[in-house]
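Asks: Contents are compact mmCIF, C-alpha atoms; file name target-v8.txt:
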```
# COMPACT_ATOMS: atom_id res chain seq x y z
CA MET A 20 0.00 0.00 0.00
CA GLU A 21 1.25 3.49 -0.80
CA ALA A 22 2.39 5.65 2.08
CA GLY A 23 -0.27 8.30 1.49
CA SER A 24 -3.21 5.95 1.85
CA VAL A 25 -2.89 5.01 5.52
CA PRO A 26 -4.51 7.35 8.05
CA ALA A 27 -1.97 8.87 10.40
CA VAL A 28 -1.94 11.46 13.17
CA SER A 29 0.83 13.36 11.37
CA ARG A 30 2.07 13.79 7.82
CA ALA A 31 5.14 15.09 6.02
CA VAL A 32 4.15 18.42 4.49
CA SER A 33 6.04 20.12 1.65
CA VAL A 34 4.92 23.65 1.15
CA VAL A 35 6.28 26.81 -0.48
CA VAL A 36 5.57 29.93 1.55
CA ASN A 37 6.44 33.36 0.13
CA GLY A 38 8.82 31.66 -2.32
CA GLU A 39 10.65 29.59 0.28
CA ALA A 40 10.28 25.79 0.40
CA TYR A 41 9.61 24.12 3.75
CA GLU A 42 9.33 20.46 4.74
CA ARG A 43 7.90 19.61 8.11
CA GLU A 44 6.23 16.68 9.84
CA VAL A 45 2.93 18.18 10.97
CA ASP A 46 0.18 16.92 13.30
CA ALA A 47 -3.08 16.36 11.43
CA ARG A 48 -4.92 18.33 14.11
CA ARG A 49 -2.83 21.47 13.59
CA LEU A 50 -4.60 24.32 11.79
CA LEU A 51 -2.73 25.95 8.92
CA VAL A 52 -2.72 29.35 10.63
CA HIS A 53 -0.93 27.92 13.67
CA PHE A 54 1.57 26.12 11.44
CA LEU A 55 2.41 29.42 9.72
CA ARG A 56 2.65 31.36 12.97
CA ASP A 57 4.17 28.89 15.40
CA GLU A 58 6.34 26.68 13.20
CA LEU A 59 7.39 29.05 10.41
CA ASP A 60 7.34 32.13 12.67
CA LEU A 61 5.25 34.04 10.12
CA THR A 62 3.16 35.89 12.69
CA GLY A 63 1.77 38.47 10.26
CA THR A 64 -1.18 36.15 9.64
CA HIS A 65 -3.52 36.77 12.58
CA VAL A 66 -5.96 34.58 14.44
CA GLY A 67 -9.14 36.57 14.96
CA CYS A 68 -12.39 34.71 15.45
CA ASP A 69 -11.08 31.19 14.72
CA THR A 70 -14.49 30.36 13.21
CA GLY A 71 -14.00 31.38 9.59
CA ASN A 72 -15.87 34.66 9.89
CA CYS A 73 -13.44 37.52 10.45
CA GLY A 74 -10.84 36.98 7.71
CA ALA A 75 -7.81 38.14 9.77
CA CYS A 76 -6.09 34.84 8.86
CA THR A 77 -6.60 35.23 5.08
CA ILE A 78 -3.73 33.94 2.93
CA LEU A 79 -3.34 32.96 -0.72
CA VAL A 80 -3.20 29.22 -1.42
CA ASP A 81 -2.18 28.56 -5.02
CA GLY A 82 -3.24 32.14 -5.72
CA GLU A 83 -6.69 31.86 -4.12
CA ALA A 84 -7.73 33.75 -1.00
CA VAL A 85 -8.68 31.36 1.82
CA LYS A 86 -9.01 31.52 5.59
CA SER A 87 -6.09 29.70 7.12
CA CYS A 88 -7.98 28.92 10.34
CA MET A 89 -10.35 26.81 8.23
CA LEU A 90 -7.70 24.47 6.83
CA LEU A 91 -5.62 21.79 8.44
CA ALA A 92 -1.92 22.31 7.82
CA VAL A 93 -1.73 18.83 6.28
CA GLN A 94 -4.21 19.98 3.61
CA ALA A 95 -1.54 22.44 2.46
CA ASP A 96 0.84 19.66 1.43
CA GLY A 97 2.03 20.48 -2.09
CA VAL A 98 0.64 24.01 -2.34
CA GLU A 99 2.15 27.48 -2.70
CA ILE A 100 1.21 30.03 -0.07
CA THR A 101 1.50 33.79 0.09
CA THR A 102 1.09 35.48 3.47
CA VAL A 103 1.11 39.19 4.24
CA GLU A 104 4.89 38.93 4.69
CA GLY A 105 5.15 37.96 1.02
CA LEU A 106 3.53 41.13 -0.31
CA GLU A 107 6.58 43.40 -0.03
CA GLU A 108 9.64 42.97 -2.19
CA ASP A 109 13.15 43.71 -0.89
CA GLY A 110 11.75 45.96 1.80
CA ILE A 111 9.59 47.95 -0.63
CA LEU A 112 5.92 47.91 0.29
CA SER A 113 3.44 46.80 -2.36
CA PRO A 114 1.25 49.60 -3.76
CA LEU A 115 -1.64 48.33 -1.60
CA GLN A 116 0.46 48.36 1.55
CA GLN A 117 1.67 51.85 0.71
CA ALA A 118 -1.90 52.99 0.04
CA PHE A 119 -3.11 51.54 3.37
CA SER A 120 -0.44 53.61 5.09
CA GLU A 121 -1.20 56.79 3.18
CA HIS A 122 -4.98 56.52 3.56
CA HIS A 123 -5.02 55.59 7.25
CA ALA A 124 -6.73 52.33 6.32
CA LEU A 125 -6.03 50.88 9.75
CA GLN A 126 -6.31 51.84 13.36
CA CYS A 127 -5.51 48.89 15.62
CA GLY A 128 -4.15 46.95 12.65
CA TYR A 129 -5.39 43.54 13.71
CA CYS A 130 -7.45 42.95 10.55
CA THR A 131 -4.88 44.55 8.24
CA PRO A 132 -2.96 41.42 7.13
CA GLY A 133 -6.22 39.77 6.05
CA MET A 134 -7.48 42.96 4.41
CA LEU A 135 -4.26 43.34 2.46
CA VAL A 136 -4.28 39.73 1.26
CA SER A 137 -7.96 39.87 0.26
CA ALA A 138 -7.44 43.18 -1.54
CA THR A 139 -4.35 41.77 -3.27
CA TYR A 140 -6.42 38.78 -4.41
CA LEU A 141 -9.08 41.15 -5.77
CA LEU A 142 -6.59 43.25 -7.75
CA ASN A 143 -4.82 40.14 -9.06
CA ASN A 144 -8.12 39.09 -10.63
CA ASN A 145 -9.72 42.45 -11.41
CA SER A 146 -7.44 45.44 -11.96
CA GLU A 147 -10.30 47.96 -12.16
CA PRO A 148 -12.91 47.00 -9.57
CA THR A 149 -15.85 49.28 -8.82
CA GLU A 150 -16.55 50.34 -5.23
CA ASP A 151 -19.28 47.68 -5.06
CA GLU A 152 -16.83 45.04 -6.25
CA ILE A 153 -14.27 46.14 -3.67
CA ARG A 154 -16.85 45.94 -0.89
CA LYS A 155 -18.02 42.53 -2.05
CA ALA A 156 -14.41 41.30 -2.26
CA LEU A 157 -13.73 42.42 1.33
CA GLN A 158 -17.00 41.02 2.69
CA GLY A 159 -15.13 38.19 4.40
CA ASN A 160 -12.86 40.58 6.31
CA ILE A 161 -14.18 42.29 9.41
CA CYS A 162 -12.72 45.56 10.69
CA ARG A 163 -14.07 46.95 13.97
CA CYS A 164 -12.14 50.25 13.87
CA THR A 165 -12.23 52.04 10.56
CA GLY A 166 -15.78 51.69 9.31
CA TYR A 167 -14.14 50.46 6.09
CA VAL A 168 -14.22 53.88 4.40
CA ASN A 169 -10.46 54.40 4.38
CA ILE A 170 -9.82 50.77 3.46
CA ILE A 171 -12.03 51.15 0.37
CA GLY A 172 -10.30 54.47 -0.33
CA ALA A 173 -6.87 52.83 -0.17
CA VAL A 174 -7.86 50.13 -2.66
CA GLN A 175 -9.38 52.75 -4.95
CA ALA A 176 -6.17 54.79 -4.78
CA VAL A 177 -4.23 51.79 -6.11
CA VAL A 178 -6.82 51.28 -8.87
CA LYS A 179 -6.44 54.94 -9.89
CA GLY A 180 -2.65 54.78 -9.65
CA GLU A 181 -2.61 57.43 -6.92
CA VAL A 182 0.04 55.88 -4.70
CA SER A 183 3.42 57.44 -4.11
CA ALA A 184 6.27 55.22 -5.26
CA MET B 24 -7.55 26.27 18.30
CA LEU B 25 -6.07 22.89 18.96
CA LEU B 26 -8.31 20.17 17.62
CA ARG B 27 -8.80 16.81 19.21
CA GLU B 28 -6.26 14.34 17.85
CA VAL B 29 -7.33 13.05 14.46
CA GLN B 30 -5.93 10.81 11.76
CA TYR B 31 -5.64 12.18 8.24
CA VAL B 32 -5.48 10.42 4.91
CA ARG B 33 -5.60 11.72 1.36
CA PRO B 34 -6.65 8.97 -1.07
CA GLU B 35 -5.80 9.18 -4.76
CA SER B 36 -8.90 7.56 -6.16
CA LEU B 37 -12.62 7.47 -5.48
CA ALA B 38 -12.46 3.71 -4.90
CA GLU B 39 -9.75 4.15 -2.29
CA ALA B 40 -11.74 6.92 -0.59
CA VAL B 41 -14.80 4.67 -0.34
CA ARG B 42 -12.65 1.83 0.99
CA LEU B 43 -11.16 4.09 3.68
CA LEU B 44 -14.57 5.48 4.68
CA GLY B 45 -15.84 1.93 5.08
CA GLU B 46 -12.77 0.54 6.78
CA TYR B 47 -12.52 3.05 9.63
CA GLU B 48 -15.37 3.52 12.01
CA ASP B 49 -16.13 7.20 12.55
CA ALA B 50 -14.32 8.32 9.39
CA ARG B 51 -15.55 11.53 7.79
CA ALA B 52 -15.04 12.78 4.25
CA LEU B 53 -13.29 16.17 4.18
CA ALA B 54 -14.25 18.31 1.18
CA GLY B 55 -13.61 22.07 1.45
CA GLY B 56 -13.66 21.94 5.23
CA GLN B 57 -15.63 25.17 5.68
CA SER B 58 -18.15 23.43 7.94
CA LEU B 59 -16.36 20.31 9.17
CA THR B 60 -13.34 22.23 10.50
CA ASN B 61 -15.61 24.42 12.63
CA ALA B 62 -17.51 21.37 13.86
CA MET B 63 -14.21 19.79 14.88
CA LYS B 64 -13.18 22.97 16.70
CA GLN B 65 -16.46 23.03 18.61
CA ARG B 66 -16.14 19.28 19.28
CA VAL B 67 -19.66 18.76 17.90
CA GLY B 68 -18.00 16.50 15.37
CA SER B 69 -14.81 14.71 16.32
CA PRO B 70 -14.08 12.08 13.69
CA GLU B 71 -11.30 9.58 14.33
CA VAL B 72 -10.24 9.78 10.70
CA VAL B 73 -10.68 12.50 8.09
CA VAL B 74 -10.52 11.34 4.48
CA ASP B 75 -9.44 14.35 2.41
CA LEU B 76 -11.02 14.28 -1.06
CA ALA B 77 -8.71 17.01 -2.39
CA ASP B 78 -6.91 14.80 -4.91
CA LEU B 79 -10.05 13.30 -6.46
CA THR B 80 -10.05 15.52 -9.54
CA GLU B 81 -12.93 13.56 -11.06
CA LEU B 82 -15.16 15.07 -8.35
CA ARG B 83 -14.23 18.62 -9.40
CA ARG B 84 -15.80 18.45 -12.86
CA ILE B 85 -18.75 20.37 -14.25
CA GLU B 86 -20.14 18.65 -17.35
CA ARG B 87 -23.10 18.63 -19.71
CA ALA B 88 -24.27 15.04 -20.16
CA ALA B 89 -25.44 13.73 -23.54
CA ASP B 90 -29.09 14.12 -22.48
CA GLY B 91 -28.55 17.80 -21.68
CA SER B 92 -28.46 17.40 -17.92
CA LEU B 93 -25.84 19.22 -15.88
CA GLU B 94 -23.47 17.10 -13.80
CA LEU B 95 -21.79 18.80 -10.86
CA GLY B 96 -19.03 16.89 -9.06
CA ALA B 97 -19.29 16.89 -5.28
CA MET B 98 -15.95 18.73 -4.94
CA VAL B 99 -16.96 21.59 -7.25
CA THR B 100 -16.46 24.81 -5.26
CA TYR B 101 -18.94 27.67 -5.03
CA ALA B 102 -16.34 29.82 -6.83
CA GLN B 103 -16.33 27.33 -9.73
CA LEU B 104 -20.14 27.47 -9.93
CA VAL B 105 -20.07 31.27 -10.02
CA VAL B 106 -17.87 31.42 -13.13
CA SER B 107 -18.85 28.19 -14.93
CA PRO B 108 -20.06 28.78 -18.52
CA GLU B 109 -21.93 25.43 -18.39
CA VAL B 110 -23.84 26.54 -15.30
CA ALA B 111 -24.53 30.00 -16.78
CA ALA B 112 -25.85 28.44 -20.00
CA THR B 113 -28.17 25.90 -18.36
CA HIS B 114 -29.06 26.94 -14.79
CA PRO B 115 -27.74 30.45 -14.08
CA VAL B 116 -29.62 30.43 -10.76
CA ILE B 117 -27.07 27.93 -9.42
CA GLY B 118 -24.24 30.39 -10.01
CA GLU B 119 -26.28 33.26 -8.58
CA VAL B 120 -27.02 31.32 -5.40
CA ALA B 121 -23.39 30.20 -5.07
CA ALA B 122 -22.33 33.86 -5.28
CA GLN B 123 -24.50 34.64 -2.23
CA ILE B 124 -22.83 32.12 0.05
CA ALA B 125 -20.67 33.61 2.82
CA ASP B 126 -17.68 35.43 1.31
CA VAL B 127 -14.90 35.15 -1.27
CA GLN B 128 -12.58 33.07 0.90
CA VAL B 129 -15.28 30.57 1.84
CA ARG B 130 -16.48 30.33 -1.77
CA ASN B 131 -12.94 29.48 -2.87
CA ARG B 132 -12.91 26.43 -0.58
CA GLY B 133 -16.52 25.45 0.12
CA THR B 134 -18.02 22.78 -2.12
CA LEU B 135 -21.46 21.88 -3.41
CA GLY B 136 -21.09 18.35 -2.03
CA GLY B 137 -20.06 19.64 1.36
CA ASN B 138 -23.00 22.04 1.40
CA VAL B 139 -25.63 19.38 0.73
CA CYS B 140 -24.01 16.60 2.78
CA TRP B 141 -23.74 18.91 5.77
CA ASN B 142 -27.43 19.72 5.24
CA ASP B 143 -27.55 22.64 7.59
CA PRO B 144 -31.23 23.60 7.26
CA THR B 145 -30.22 27.24 6.69
CA ASN B 146 -28.22 26.39 3.56
CA HIS B 147 -29.44 27.66 0.20
CA PHE B 148 -28.72 24.62 -1.95
CA PRO B 149 -31.11 22.06 -0.40
CA PRO B 150 -34.34 23.89 -1.40
CA LEU B 151 -32.86 24.94 -4.74
CA LEU B 152 -31.84 21.37 -5.61
CA ALA B 153 -35.24 20.09 -4.43
CA ALA B 154 -37.02 22.52 -6.78
CA LEU B 155 -34.68 21.53 -9.63
CA GLU B 156 -35.44 17.83 -8.94
CA ALA B 157 -31.73 17.10 -8.70
CA ARG B 158 -30.49 13.53 -8.46
CA PHE B 159 -27.68 12.57 -6.13
CA THR B 160 -25.16 9.87 -7.03
CA ILE B 161 -23.90 8.13 -3.90
CA VAL B 162 -20.97 5.74 -4.11
CA GLY B 163 -20.47 2.97 -1.57
CA PRO B 164 -18.86 -0.45 -1.23
CA GLU B 165 -21.78 -1.99 -3.16
CA GLY B 166 -21.39 0.48 -6.05
CA GLU B 167 -23.44 3.48 -7.10
CA ARG B 168 -26.99 4.44 -6.22
CA ILE B 169 -28.94 7.47 -7.33
CA VAL B 170 -31.47 9.15 -5.06
CA ALA B 171 -33.90 12.04 -5.55
CA ALA B 172 -33.78 15.19 -3.45
CA GLU B 173 -36.78 14.03 -1.37
CA GLU B 174 -34.84 10.96 -0.27
CA PHE B 175 -31.43 12.65 -0.06
CA PHE B 176 -32.29 15.25 2.58
CA VAL B 177 -33.24 13.22 5.63
CA GLY B 178 -33.17 15.69 8.53
CA VAL B 179 -31.15 18.38 10.28
CA PHE B 180 -27.49 17.62 9.42
CA MET B 181 -28.58 14.23 8.02
CA THR B 182 -28.67 12.91 4.47
CA ALA B 183 -29.07 9.59 2.69
CA VAL B 184 -25.27 9.27 2.53
CA GLY B 185 -24.61 6.49 5.02
CA PRO B 186 -21.46 5.36 6.83
CA GLY B 187 -18.88 4.18 4.29
CA GLU B 188 -20.56 6.09 1.48
CA LEU B 189 -19.64 9.21 -0.44
CA LEU B 190 -21.62 11.69 -2.54
CA ALA B 191 -19.95 11.73 -5.98
CA LYS B 192 -22.07 14.09 -8.02
CA VAL B 193 -25.29 16.03 -8.28
CA THR B 194 -27.19 15.87 -11.57
CA ILE B 195 -29.61 18.61 -12.61
CA PRO B 196 -32.08 17.43 -15.26
CA ALA B 197 -32.02 19.26 -18.62
CA ALA B 198 -33.32 22.80 -18.44
CA GLY B 199 -35.50 22.44 -21.54
CA GLY B 200 -36.99 25.93 -21.43
CA THR B 201 -37.51 25.92 -17.70
CA GLY B 202 -37.08 29.00 -15.60
CA THR B 203 -35.78 28.84 -12.06
CA GLY B 204 -36.13 31.43 -9.34
CA PHE B 205 -34.67 31.86 -5.87
CA ALA B 206 -35.45 34.28 -3.07
CA SER B 207 -34.21 34.56 0.49
CA VAL B 208 -34.13 36.78 3.53
CA THR B 209 -30.86 36.60 5.43
CA VAL B 210 -29.34 38.21 8.52
CA GLY B 211 -27.32 40.95 6.87
CA ARG B 212 -26.14 40.60 3.32
CA ASP B 213 -25.32 36.97 2.56
CA GLY B 214 -25.50 36.03 6.26
CA THR B 215 -27.43 33.29 8.07
CA CYS B 216 -30.63 32.50 6.24
CA ILE B 217 -34.02 33.07 7.88
CA VAL B 218 -36.17 31.64 5.08
CA ASN B 219 -35.40 30.82 1.46
CA ALA B 220 -37.50 29.59 -1.42
CA ALA B 221 -36.78 28.16 -4.83
CA ALA B 222 -39.11 27.58 -7.75
CA CYS B 223 -38.87 25.88 -11.10
CA VAL B 224 -41.35 26.49 -13.94
CA ASN B 225 -41.67 24.13 -16.88
CA GLY B 226 -45.03 24.49 -18.56
CA GLY B 227 -47.22 22.62 -16.06
CA ALA B 228 -47.38 23.13 -12.32
CA PRO B 229 -44.32 24.90 -10.91
CA ARG B 230 -42.20 23.15 -8.32
CA VAL B 231 -41.73 25.21 -5.17
CA ALA B 232 -39.45 24.31 -2.25
CA ILE B 233 -39.07 26.26 1.00
CA GLY B 234 -35.94 26.12 3.15
CA CYS B 235 -35.12 27.01 6.78
CA VAL B 236 -38.60 26.07 7.97
CA ALA B 237 -37.91 22.40 8.76
CA GLY B 238 -35.04 19.91 8.85
CA THR B 239 -35.38 19.33 5.12
CA PRO B 240 -36.69 21.40 2.20
CA VAL B 241 -40.50 21.50 2.16
CA ARG B 242 -42.38 21.33 -1.15
CA ALA B 243 -45.29 23.77 -1.26
CA ALA B 244 -47.76 21.18 -2.55
CA ALA B 245 -50.98 23.22 -2.29
CA MET B 246 -49.35 26.21 -3.99
CA GLU B 247 -48.01 23.99 -6.77
CA GLN B 248 -51.51 22.51 -7.20
CA ALA B 249 -53.17 25.95 -7.26
CA LEU B 250 -50.82 27.05 -10.05
CA SER B 251 -51.10 23.87 -12.11
CA GLY B 252 -53.37 25.62 -14.63
CA GLY B 253 -50.36 27.57 -15.84
CA ASP B 254 -51.56 31.08 -14.93
CA LEU B 255 -48.43 32.60 -13.42
CA ALA B 256 -49.53 36.23 -13.38
CA ALA B 257 -48.42 38.13 -10.27
CA ASP B 258 -51.90 38.20 -8.67
CA ALA B 259 -52.46 34.49 -9.24
CA VAL B 260 -49.05 33.57 -7.81
CA ARG B 261 -49.52 35.71 -4.69
CA ALA B 262 -53.01 34.29 -4.18
CA ALA B 263 -51.66 30.76 -4.51
CA ALA B 264 -49.00 31.47 -1.87
CA ARG B 265 -51.63 32.55 0.67
CA GLY B 266 -52.12 29.89 3.30
CA LEU B 267 -48.71 28.30 2.69
CA GLY B 268 -47.47 29.62 6.04
CA GLU B 269 -50.19 27.79 7.96
CA THR B 270 -49.03 24.47 6.53
CA LEU B 271 -45.52 24.98 7.92
CA ASP B 272 -44.14 24.36 11.40
CA PRO B 273 -40.96 26.44 11.42
CA PRO B 274 -38.76 26.99 14.47
CA SER B 275 -38.52 30.21 16.47
CA ASP B 276 -34.99 31.31 17.24
CA VAL B 277 -32.86 34.37 17.90
CA HIS B 278 -33.19 35.47 14.27
CA ALA B 279 -36.94 35.17 13.72
CA THR B 280 -40.17 33.92 15.25
CA ALA B 281 -42.04 31.01 13.73
CA ASP B 282 -44.84 33.37 12.66
CA TYR B 283 -42.39 35.66 10.86
CA ARG B 284 -40.96 32.63 9.06
CA ARG B 285 -44.49 31.59 8.01
CA HIS B 286 -45.05 35.09 6.66
CA LEU B 287 -41.72 35.16 4.83
CA ALA B 288 -42.36 31.73 3.32
CA GLU B 289 -45.43 33.06 1.49
CA ILE B 290 -43.68 36.21 0.29
CA LEU B 291 -40.52 34.39 -0.84
CA ALA B 292 -42.38 31.51 -2.49
CA ALA B 293 -44.28 34.04 -4.60
CA ARG B 294 -41.09 35.94 -5.47
CA ALA B 295 -39.32 32.74 -6.48
CA VAL B 296 -42.18 31.60 -8.71
CA LEU B 297 -42.50 35.02 -10.35
CA GLN B 298 -38.77 35.13 -11.07
CA ALA B 299 -38.92 31.61 -12.48
CA ALA B 300 -41.93 32.48 -14.65
CA GLU B 301 -40.17 35.58 -15.95
CA ARG B 302 -37.14 33.50 -16.93
CA ALA B 303 -39.20 30.72 -18.50
CA ARG B 304 -40.61 33.13 -21.06
```
As structure tokens, how would this structure be written, given the file I've shared?

Replies:
Amino acid sequence: MEAGSVPAVSRAVSVVVNGEAYEREVDARRLLVHFLRDELDLTGTHVGCDTGNCGACTILVDGEAVKSCMLLAVQADGVEITTVEGLEEDGILSPLQQAFSEHHALQCGYCTPGMLVSATYLLNNNSEPTEDEIRKALQGNICRCTGYVNIIGAVQAVVKGEVSA
Amino acid sequence: MLLREVQYVRPESLAEAVRLLGEYEDARALAGGQSLTNAMKQRVGSPEVVVDLADLTELRRIERAADGSLELGAMVTYAQLVVSPEVAATHPVIGEVAAQIADVQVRNRGTLGGNVCWNDPTNHFPPLLAALEARFTIVGPEGERIVAAEEFFVGVFMTAVGPGELLAKVTIPAAGGTGTGFASVTVGRDGTCIVNAAACVNGGAPRVAIGCVAGTPVRAAAMEQALSGGDLAADAVRAAARGLGETLDPPSDVHATADYRRHLAEILAARAVLQAAERAR
């Protein structure tokens, strides 16, 4: 019988996170968000509600936005992941990150990693979203500080190219 | 959250998945995990073994069968349904309803099969699939069996999929000029559903199914009968919906009283039929 076909309480996981390959033996009961934070020390991805509602733990898995508290780490075997730490390049913020800073799109900042990843996913798939489309795309991300206005404004600034380099 | 210890396996074929589900007592199929993971966190479901269906690519297909019916693999995600040209061409309502479920992240992972097998009575797909007279292909150690929506949805969180079995696909009969409508009232936009209704019009009596009022979708038999003459004008449809509420025994909860649900059922059933009639033209 092949190795993969026997149930086990842990599994060897090969995963590429922000361009770097990792191999770890991971407990089946470990959630992906805890694997990223506690084993890979990528603490930018936040645990908010831990029930799949708030979106603070949003990451890209093979380019698709998902909530990392709603996946087991073993389910990520063989995938490519981007976390909020993977959005900047060589210390230069992405246009969205820059726009969030310029537009005061955060207060406490707890939701920001998820907001940034969800907004990145939106712009990767739709470079000119309307305000309605932006709101719909961020529906799975809850912010209890800003009232969303400045977050929407930051995304719109990137769409319009109004971000300082 | 730290889950209770669990064993994980990711089979490479449907046959192997069925074997594993049969071999281990208290094994659960893991599709998108957008419900099961939460159930495991809350300890309301604590399977010994989760059988991850992620590698079963044959369950991710959307196809038009030779007879014109639409075949949706159990692992098809809501996001796939939203953008599928096959769905848009035959039953656009399926894509529209998928687009209303939760949010982008959940739609990227959540699956049609997971939705119906979980059978949360507040889900949108059970009444919609009941109105569409969908057929469910269940695979088990003895082979395949196909059940109708009436038999598939058994009760709250219960379906005809038994231990050791797996839902493989959902088949929607050929559209053939039919129109389908869907209406719901939810807590906030795209939140928990209070009542939903789906209707399918195809010449004769429309089929109408109400959700969130019982453990399984409820067909509005008297309303269907009243409309069997084919007059689907707005006044006739609203008149036919009157009295539907009295036939229902919905729950009262934090979101709505039973009486409000009875009221909504009549309003939403009429809206669904009128939308279906409009589209059938």

Asks: Select all residues from chain A having any atom no more than 9 Å from an atom of chain B (counting all atoms listed in the file, ignoring ligands), output as a ChimeraX atom specification.

Replies: /A:23-30,46-50,53,69-72,74,77,83-86,88-91,93-94,137,155-160

Asks: Compile the contact shell of Phe148 (chain B) as a PyMOL selection string: residues with an atom at most 10 Å away, counting only C-alpha atoms, same-chain residues fewer than 3 positions apart removed.

Replies: chain B and resi 117+120-121+124+135-136+138-139+142-145+151-154+219+221+234+240

Asks: Region 256-262 of chain B: which residues within 8 Å, counting all atoms listed in the file, same-chain residues fewer than 4 positions away excluded, as a list in words?

Replies: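 So the residues in contact are Leu250, Glu289, Ile290, Ala293, Val296 and Leu297 of chain B.
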
Asks: Between A:Val136, A:Ala95, A:Ala124, A:Val103, which is the closest to Asn37 (chain A) once you count all atoms listed in the file?

Replies: A:Val103

Asks: For region 277-279 of chain B, find every residue with an atom within 9 Å (counting all atoms listed in the file), except residues of its own chain fewer than 2 positions away, and show them as a list in words.

Replies: Val210, Thr215, Cys216, Ile217, Pro274, Ser275, Ala281, Asp282, Tyr283 and Arg284 of chain B

Asks: Please measure the separation of CA of Glu247 (chain B) and CA of Trp141 (chain B), giving the value in Å to one decimal.

Replies: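 Going from CA of Glu247 (chain B) over to CA of Trp141 (chain B) covers 27.8 Å.
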
Asks: Please report the interatomic distance between CA of Cys162 (chain A) and CA of Ser120 (chain A) in Å with one decimal.

Replies: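 Answer for the CA of Cys162 (chain A) to CA of Ser120 (chain A) separation: 15.7 Å.
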
Asks: Mind checking which residues fall within 9 Å of Gly172 (chain A), counting all atoms listed in the file, ignoring those fewer than 4 positions away in the same chain, and posting them as a count of residues only?

Replies: 9

Asks: Which residue out of B:Val162, B:Ala157, B:Ala38, B:Leu189 has the minimum interatomic distance to Ala54 (chain B) when all atoms listed in the file are used?

Replies: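 Checking each candidate against Ala54 (chain B), we get B:Leu189 as the closest.
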
Asks: Between CA of Phe159 (chain B) and CA of Val41 (chain B), what is the spacing in Å?

Replies: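 Pair CA of Val41 (chain B) / CA of Phe159 (chain B) returns 16.2 Å.
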
Asks: What's the 8 Å shell around region 54-62 of chain A, counting only C-alpha atoms, without same-chain residues fewer than 5 positions away, as a PyMOL selection string?

Replies: chain A and resi 49+92+102+104

Asks: Given only C-alpha atoms as the basis, pick out the residue of A:Glu152, A:Asp96, A:Glu181, A:Glu108 nearest to Glu121 (chain A).

Replies: A:Glu181

Asks: Which residue gives the smallest distance to Cys235 (chain B) among B:Gln248, B:Thr203, B:Thr160, B:Asn146, with all atoms listed in the file counted?

Replies: B:Asn146
